[in-house]
>>> print(open('structure-v2.txt').read())   # compact mmCIF, C-alpha atoms
# COMPACT_ATOMS: atom_id res chain seq x y z
CA MET A 1 5.46 -16.00 5.64
CA ALA A 2 8.23 -18.38 6.55
CA GLY A 3 11.37 -17.46 8.42
CA GLY A 4 10.49 -13.77 8.63
CA SER A 5 10.56 -13.15 4.90
CA LEU A 6 7.71 -12.35 2.58
CA ASP A 7 7.65 -13.53 -1.01
CA LEU A 8 5.80 -10.87 -2.99
CA PRO A 9 5.13 -10.79 -6.73
CA VAL A 10 7.32 -8.47 -8.82
CA VAL A 11 5.89 -6.34 -11.64
CA ASP A 12 8.50 -5.08 -14.12
CA LEU A 13 7.37 -1.87 -15.83
CA ALA A 14 10.21 -2.09 -18.37
CA SER A 15 8.36 -4.88 -20.14
CA PRO A 16 7.28 -3.84 -23.64
CA ASP A 17 4.20 -6.04 -23.20
CA LEU A 18 1.76 -3.67 -21.46
CA LYS A 19 -1.01 -6.28 -21.24
CA SER A 20 1.34 -8.66 -19.46
CA ALA A 21 2.25 -5.96 -16.92
CA VAL A 22 -1.42 -5.10 -16.36
CA ASP A 23 -2.28 -8.78 -15.91
CA ALA A 24 0.58 -9.15 -13.42
CA VAL A 25 -0.68 -6.19 -11.36
CA ARG A 26 -4.22 -7.59 -11.32
CA LYS A 27 -3.05 -11.06 -10.33
CA ALA A 28 -0.86 -9.64 -7.55
CA CYS A 29 -3.72 -7.52 -6.20
CA VAL A 30 -6.15 -10.43 -6.22
CA GLU A 31 -3.80 -13.08 -4.84
CA SER A 32 -1.71 -11.23 -2.27
CA GLY A 33 -2.84 -7.60 -2.20
CA PHE A 34 0.75 -6.38 -2.43
CA PHE A 35 3.57 -6.40 -4.98
CA TYR A 36 6.95 -4.92 -5.81
CA VAL A 37 7.38 -2.68 -8.85
CA THR A 38 10.72 -2.59 -10.67
CA ASN A 39 11.96 -0.30 -13.44
CA HIS A 40 9.42 2.39 -12.51
CA GLY A 41 11.78 5.29 -13.25
CA ILE A 42 11.33 7.00 -9.86
CA GLN A 43 14.64 8.31 -8.51
CA ASP A 44 15.99 6.71 -5.32
CA GLY A 45 16.22 10.08 -3.57
CA LEU A 46 12.53 10.76 -4.10
CA LEU A 47 11.60 7.30 -2.82
CA GLU A 48 13.77 7.79 0.27
CA ALA A 49 12.13 11.17 0.97
CA LEU A 50 8.67 9.67 0.52
CA PHE A 51 9.37 6.82 2.96
CA ALA A 52 10.85 9.28 5.49
CA GLU A 53 7.70 11.45 5.36
CA SER A 54 5.48 8.38 5.59
CA LYS A 55 7.38 7.17 8.67
CA LYS A 56 7.00 10.59 10.32
CA PHE A 57 3.24 10.58 9.66
CA PHE A 58 2.62 7.08 11.01
CA GLU A 59 4.66 7.86 14.14
CA LEU A 60 2.21 10.66 15.01
CA PRO A 61 -0.30 10.07 17.82
CA LEU A 62 -3.64 8.68 16.63
CA GLU A 63 -5.41 11.93 17.57
CA GLU A 64 -3.21 13.90 15.14
CA LYS A 65 -3.67 11.39 12.32
CA MET A 66 -7.44 11.46 12.84
CA LEU A 67 -7.40 15.19 11.99
CA LEU A 68 -6.82 13.97 8.43
CA GLN A 69 -9.69 11.49 8.53
CA ARG A 70 -10.84 9.97 5.23
CA ASN A 71 -13.30 12.18 3.35
CA SER A 72 -16.07 11.45 0.84
CA ALA A 73 -13.47 11.28 -1.94
CA HIS A 74 -11.71 8.49 0.01
CA ARG A 75 -8.68 10.68 0.69
CA GLY A 76 -7.17 10.76 4.15
CA TYR A 77 -6.41 8.56 7.13
CA THR A 78 -8.45 5.58 8.27
CA ALA A 79 -7.88 4.26 11.79
CA PRO A 80 -6.68 0.68 12.22
CA TYR A 81 -9.48 -1.92 12.02
CA ALA A 82 -11.99 0.72 10.83
CA GLU A 83 -12.41 -1.03 7.48
CA LYS A 84 -13.36 -4.59 6.71
CA LEU A 85 -12.12 -5.27 3.20
CA ASP A 86 -12.77 -9.01 3.19
CA ALA A 87 -16.45 -9.70 3.78
CA SER A 88 -15.66 -13.35 4.50
CA SER A 89 -13.25 -12.44 7.32
CA GLU A 90 -14.46 -13.01 10.85
CA PHE A 91 -11.62 -10.91 12.29
CA GLN A 92 -12.86 -8.07 14.49
>>> encode(input="structure-v2.txt", output="structure tokens")
Amino acid sequence: MAGGSLDLPVVDLASPDLKSAVDAVRKACVESGFFYVTNHGIQDGLLEALFAESKKFFELPLEEKMLLQRNSAHRGYTAPYAEKLDASSEFQ
């Protein structure tokens, strides 16, 4: 990340080449873990509402978020630093 910006891969779902889109998603997940999706067909209003609700949730105190702790189906909240996704990482 240079100069405060982040250069993320972009996956365009309008592409008629489904394999190419799938390959782009896989590559983005493996190389950076994040990506932008364009031409997804989701209305701006719905996206704005989703981000507003997400912001409200993450502003809650940790104790409230932990009431929705991840279950056996891997649905729910996981506290910061509770997962180690990269086995090679020495970060604690």
>>> closest_residue(input="structure-v2.txt", among="A:Lys19, A:Lys56, A:Arg70, A:His40", to="A:Ala82", atoms="all atoms listed in the file")
A:Arg70
>>> residues_near_point(input="structure-v2.txt", point="(-13.0, 11.3, 12.6)", cutoff="12 Å", atoms="all atoms listed in the file", output="PyMOL selection string")
chain A and resi 62-71+76-79+82
>>> closest_residue(input="structure-v2.txt", among="A:Thr38, A:Asp23, A:Leu47, A:Glu31", to="A:Val10", atoms="all atoms listed in the file")
A:Thr38
>>> atom_distance(input="structure-v2.txt", atom1="atom CA of A:Val30", atom2="atom CA of A:Ser54")
25.1 Å
>>> atom_distance(input="structure-v2.txt", atom1="atom CA of A:Pro61", atom2="atom CA of A:His74")
21.2 Å
>>> atom_distance(input="structure-v2.txt", atom1="atom CA of A:Leu8", atom2="atom CA of A:Leu46")
22.7 Å
>>> axis_aligned_box(input="structure-v2.txt", around="stretch 22-29 of chain A", padding_each_side="3 Å", output="AutoDock Vina command-line options")
--center_x -1.8 --center_y -8.1 --center_z -11.3 --size_x 10.8 --size_y 12.0 --size_z 16.2
>>> residues_around(input="structure-v2.txt", residues="A:Ala14", least_positions_apart="2", cutoff="7 Å", atoms="all atoms listed in the file", output="MDAnalysis selection string")
chainID A and resid 12 16 39
>>> decode(input="structure-v2.txt", residues="stretch 8-53 of chain A", atoms="N, CA and C atoms", output="PDB file, in the first residue's frame")
ATOM      1  N   LEU A   8      -6.462  -3.052  -5.675  1.00  0.00           N
ATOM      2  CA  LEU A   8      -7.087  -4.371  -5.625  1.00  0.00           C
ATOM      3  C   LEU A   8      -7.485  -4.835  -7.012  1.00  0.00           C
ATOM      4  N   PRO A   9      -7.479  -6.161  -7.229  1.00  0.00           N
ATOM      5  CA  PRO A   9      -7.947  -6.695  -8.508  1.00  0.00           C
ATOM      6  C   PRO A   9      -9.439  -6.396  -8.707  1.00  0.00           C
ATOM      7  N   VAL A  10      -9.847  -6.303  -9.964  1.00  0.00           N
ATOM      8  CA  VAL A  10     -11.245  -6.049 -10.311  1.00  0.00           C
ATOM      9  C   VAL A  10     -11.761  -7.242 -11.111  1.00  0.00           C
ATOM     10  N   VAL A  11     -12.899  -7.792 -10.677  1.00  0.00           N
ATOM     11  CA  VAL A  11     -13.550  -8.892 -11.383  1.00  0.00           C
ATOM     12  C   VAL A  11     -14.832  -8.343 -12.004  1.00  0.00           C
ATOM     13  N   ASP A  12     -14.941  -8.427 -13.326  1.00  0.00           N
ATOM     14  CA  ASP A  12     -16.090  -7.910 -14.061  1.00  0.00           C
ATOM     15  C   ASP A  12     -17.047  -9.060 -14.366  1.00  0.00           C
ATOM     16  N   LEU A  13     -18.215  -9.030 -13.740  1.00  0.00           N
ATOM     17  CA  LEU A  13     -19.183 -10.118 -13.933  1.00  0.00           C
ATOM     18  C   LEU A  13     -19.967  -9.991 -15.233  1.00  0.00           C
ATOM     19  N   ALA A  14     -19.748  -8.913 -15.986  1.00  0.00           N
ATOM     20  CA  ALA A  14     -20.429  -8.772 -17.278  1.00  0.00           C
ATOM     21  C   ALA A  14     -19.717  -9.563 -18.366  1.00  0.00           C
ATOM     22  N   SER A  15     -18.564 -10.084 -18.054  1.00  0.00           N
ATOM     23  CA  SER A  15     -17.800 -10.840 -19.044  1.00  0.00           C
ATOM     24  C   SER A  15     -18.577 -12.089 -19.464  1.00  0.00           C
ATOM     25  N   PRO A  16     -18.686 -12.330 -20.759  1.00  0.00           N
ATOM     26  CA  PRO A  16     -19.371 -13.541 -21.222  1.00  0.00           C
ATOM     27  C   PRO A  16     -18.530 -14.806 -20.983  1.00  0.00           C
ATOM     28  N   ASP A  17     -17.278 -14.620 -20.649  1.00  0.00           N
ATOM     29  CA  ASP A  17     -16.368 -15.742 -20.418  1.00  0.00           C
ATOM     30  C   ASP A  17     -16.378 -16.103 -18.933  1.00  0.00           C
ATOM     31  N   LEU A  18     -17.268 -17.024 -18.544  1.00  0.00           N
ATOM     32  CA  LEU A  18     -17.429 -17.404 -17.149  1.00  0.00           C
ATOM     33  C   LEU A  18     -16.143 -17.969 -16.555  1.00  0.00           C
ATOM     34  N   LYS A  19     -15.427 -18.791 -17.311  1.00  0.00           N
ATOM     35  CA  LYS A  19     -14.187 -19.379 -16.809  1.00  0.00           C
ATOM     36  C   LYS A  19     -13.174 -18.296 -16.476  1.00  0.00           C
ATOM     37  N   SER A  20     -13.095 -17.284 -17.311  1.00  0.00           N
ATOM     38  CA  SER A  20     -12.177 -16.177 -17.069  1.00  0.00           C
ATOM     39  C   SER A  20     -12.537 -15.456 -15.768  1.00  0.00           C
ATOM     40  N   ALA A  21     -13.820 -15.226 -15.532  1.00  0.00           N
ATOM     41  CA  ALA A  21     -14.268 -14.565 -14.303  1.00  0.00           C
ATOM     42  C   ALA A  21     -13.944 -15.419 -13.083  1.00  0.00           C
ATOM     43  N   VAL A  22     -14.194 -16.719 -13.191  1.00  0.00           N
ATOM     44  CA  VAL A  22     -13.895 -17.641 -12.084  1.00  0.00           C
ATOM     45  C   VAL A  22     -12.400 -17.653 -11.804  1.00  0.00           C
ATOM     46  N   ASP A  23     -11.598 -17.720 -12.842  1.00  0.00           N
ATOM     47  CA  ASP A  23     -10.141 -17.699 -12.677  1.00  0.00           C
ATOM     48  C   ASP A  23      -9.677 -16.398 -12.025  1.00  0.00           C
ATOM     49  N   ALA A  24     -10.305 -15.286 -12.392  1.00  0.00           N
ATOM     50  CA  ALA A  24      -9.943 -13.989 -11.817  1.00  0.00           C
ATOM     51  C   ALA A  24     -10.268 -13.938 -10.327  1.00  0.00           C
ATOM     52  N   VAL A  25     -11.418 -14.499  -9.937  1.00  0.00           N
ATOM     53  CA  VAL A  25     -11.793 -14.545  -8.517  1.00  0.00           C
ATOM     54  C   VAL A  25     -10.789 -15.397  -7.749  1.00  0.00           C
ATOM     55  N   ARG A  26     -10.462 -16.563  -8.273  1.00  0.00           N
ATOM     56  CA  ARG A  26      -9.504 -17.446  -7.599  1.00  0.00           C
ATOM     57  C   ARG A  26      -8.157 -16.763  -7.430  1.00  0.00           C
ATOM     58  N   LYS A  27      -7.669 -16.166  -8.491  1.00  0.00           N
ATOM     59  CA  LYS A  27      -6.365 -15.494  -8.451  1.00  0.00           C
ATOM     60  C   LYS A  27      -6.378 -14.367  -7.414  1.00  0.00           C
ATOM     61  N   ALA A  28      -7.451 -13.584  -7.407  1.00  0.00           N
ATOM     62  CA  ALA A  28      -7.557 -12.485  -6.450  1.00  0.00           C
ATOM     63  C   ALA A  28      -7.577 -12.999  -5.012  1.00  0.00           C
ATOM     64  N   CYS A  29      -8.300 -14.084  -4.779  1.00  0.00           N
ATOM     65  CA  CYS A  29      -8.375 -14.651  -3.431  1.00  0.00           C
ATOM     66  C   CYS A  29      -7.017 -15.171  -2.972  1.00  0.00           C
ATOM     67  N   VAL A  30      -6.310 -15.829  -3.860  1.00  0.00           N
ATOM     68  CA  VAL A  30      -5.012 -16.405  -3.524  1.00  0.00           C
ATOM     69  C   VAL A  30      -3.957 -15.318  -3.342  1.00  0.00           C
ATOM     70  N   GLU A  31      -3.936 -14.334  -4.237  1.00  0.00           N
ATOM     71  CA  GLU A  31      -2.854 -13.352  -4.230  1.00  0.00           C
ATOM     72  C   GLU A  31      -3.062 -12.193  -3.259  1.00  0.00           C
ATOM     73  N   SER A  32      -4.288 -11.725  -3.101  1.00  0.00           N
ATOM     74  CA  SER A  32      -4.482 -10.581  -2.203  1.00  0.00           C
ATOM     75  C   SER A  32      -5.545 -10.823  -1.136  1.00  0.00           C
ATOM     76  N   GLY A  33      -6.448 -11.757  -1.386  1.00  0.00           N
ATOM     77  CA  GLY A  33      -7.504 -12.021  -0.412  1.00  0.00           C
ATOM     78  C   GLY A  33      -8.711 -11.115  -0.556  1.00  0.00           C
ATOM     79  N   PHE A  34      -8.602 -10.102  -1.387  1.00  0.00           N
ATOM     80  CA  PHE A  34      -9.687  -9.141  -1.581  1.00  0.00           C
ATOM     81  C   PHE A  34      -9.775  -8.772  -3.050  1.00  0.00           C
ATOM     82  N   PHE A  35     -10.959  -8.298  -3.475  1.00  0.00           N
ATOM     83  CA  PHE A  35     -11.120  -7.841  -4.849  1.00  0.00           C
ATOM     84  C   PHE A  35     -12.388  -7.020  -4.968  1.00  0.00           C
ATOM     85  N   TYR A  36     -12.437  -6.201  -6.003  1.00  0.00           N
ATOM     86  CA  TYR A  36     -13.639  -5.459  -6.349  1.00  0.00           C
ATOM     87  C   TYR A  36     -14.431  -6.273  -7.366  1.00  0.00           C
ATOM     88  N   VAL A  37     -15.763  -6.147  -7.313  1.00  0.00           N
ATOM     89  CA  VAL A  37     -16.627  -6.786  -8.301  1.00  0.00           C
ATOM     90  C   VAL A  37     -17.402  -5.681  -9.011  1.00  0.00           C
ATOM     91  N   THR A  38     -17.348  -5.684 -10.344  1.00  0.00           N
ATOM     92  CA  THR A  38     -18.107  -4.704 -11.126  1.00  0.00           C
ATOM     93  C   THR A  38     -19.183  -5.426 -11.927  1.00  0.00           C
ATOM     94  N   ASN A  39     -20.181  -4.679 -12.325  1.00  0.00           N
ATOM     95  CA  ASN A  39     -21.291  -5.206 -13.134  1.00  0.00           C
ATOM     96  C   ASN A  39     -21.964  -6.411 -12.479  1.00  0.00           C
ATOM     97  N   HIS A  40     -22.216  -6.282 -11.171  1.00  0.00           N
ATOM     98  CA  HIS A  40     -22.829  -7.360 -10.391  1.00  0.00           C
ATOM     99  C   HIS A  40     -24.346  -7.284 -10.397  1.00  0.00           C
ATOM    100  N   GLY A  41     -24.905  -6.155 -10.814  1.00  0.00           N
ATOM    101  CA  GLY A  41     -26.354  -6.022 -10.913  1.00  0.00           C
ATOM    102  C   GLY A  41     -27.050  -5.677  -9.607  1.00  0.00           C
ATOM    103  N   ILE A  42     -26.321  -5.436  -8.531  1.00  0.00           N
ATOM    104  CA  ILE A  42     -26.932  -5.075  -7.251  1.00  0.00           C
ATOM    105  C   ILE A  42     -27.147  -3.566  -7.237  1.00  0.00           C
ATOM    106  N   GLN A  43     -28.359  -3.150  -6.908  1.00  0.00           N
ATOM    107  CA  GLN A  43     -28.718  -1.731  -6.937  1.00  0.00           C
ATOM    108  C   GLN A  43     -27.925  -0.942  -5.885  1.00  0.00           C
ATOM    109  N   ASP A  44     -27.550   0.283  -6.236  1.00  0.00           N
ATOM    110  CA  ASP A  44     -26.778   1.137  -5.334  1.00  0.00           C
ATOM    111  C   ASP A  44     -27.464   1.324  -3.984  1.00  0.00           C
ATOM    112  N   GLY A  45     -28.771   1.497  -3.989  1.00  0.00           N
ATOM    113  CA  GLY A  45     -29.509   1.698  -2.738  1.00  0.00           C
ATOM    114  C   GLY A  45     -29.370   0.521  -1.787  1.00  0.00           C
ATOM    115  N   LEU A  46     -29.405  -0.682  -2.331  1.00  0.00           N
ATOM    116  CA  LEU A  46     -29.248  -1.875  -1.498  1.00  0.00           C
ATOM    117  C   LEU A  46     -27.834  -1.950  -0.934  1.00  0.00           C
ATOM    118  N   LEU A  47     -26.838  -1.636  -1.756  1.00  0.00           N
ATOM    119  CA  LEU A  47     -25.448  -1.637  -1.277  1.00  0.00           C
ATOM    120  C   LEU A  47     -25.251  -0.601  -0.168  1.00  0.00           C
ATOM    121  N   GLU A  48     -25.820   0.577  -0.350  1.00  0.00           N
ATOM    122  CA  GLU A  48     -25.703   1.626   0.668  1.00  0.00           C
ATOM    123  C   GLU A  48     -26.345   1.179   1.979  1.00  0.00           C
ATOM    124  N   ALA A  49     -27.512   0.547   1.905  1.00  0.00           N
ATOM    125  CA  ALA A  49     -28.191   0.061   3.111  1.00  0.00           C
ATOM    126  C   ALA A  49     -27.369  -1.030   3.791  1.00  0.00           C
ATOM    127  N   LEU A  50     -26.795  -1.910   2.996  1.00  0.00           N
ATOM    128  CA  LEU A  50     -25.959  -2.982   3.544  1.00  0.00           C
ATOM    129  C   LEU A  50     -24.753  -2.415   4.293  1.00  0.00           C
ATOM    130  N   PHE A  51     -24.050  -1.457   3.677  1.00  0.00           N
ATOM    131  CA  PHE A  51     -22.888  -0.859   4.326  1.00  0.00           C
ATOM    132  C   PHE A  51     -23.283  -0.099   5.587  1.00  0.00           C
ATOM    133  N   ALA A  52     -24.441   0.556   5.586  1.00  0.00           N
ATOM    134  CA  ALA A  52     -24.916   1.274   6.770  1.00  0.00           C
ATOM    135  C   ALA A  52     -25.178   0.302   7.915  1.00  0.00           C
ATOM    136  N   GLU A  53     -25.815  -0.833   7.624  1.00  0.00           N
ATOM    137  CA  GLU A  53     -26.081  -1.836   8.663  1.00  0.00           C
ATOM    138  C   GLU A  53     -24.782  -2.461   9.167  1.00  0.00           C
TER     139      GLU A  53
END
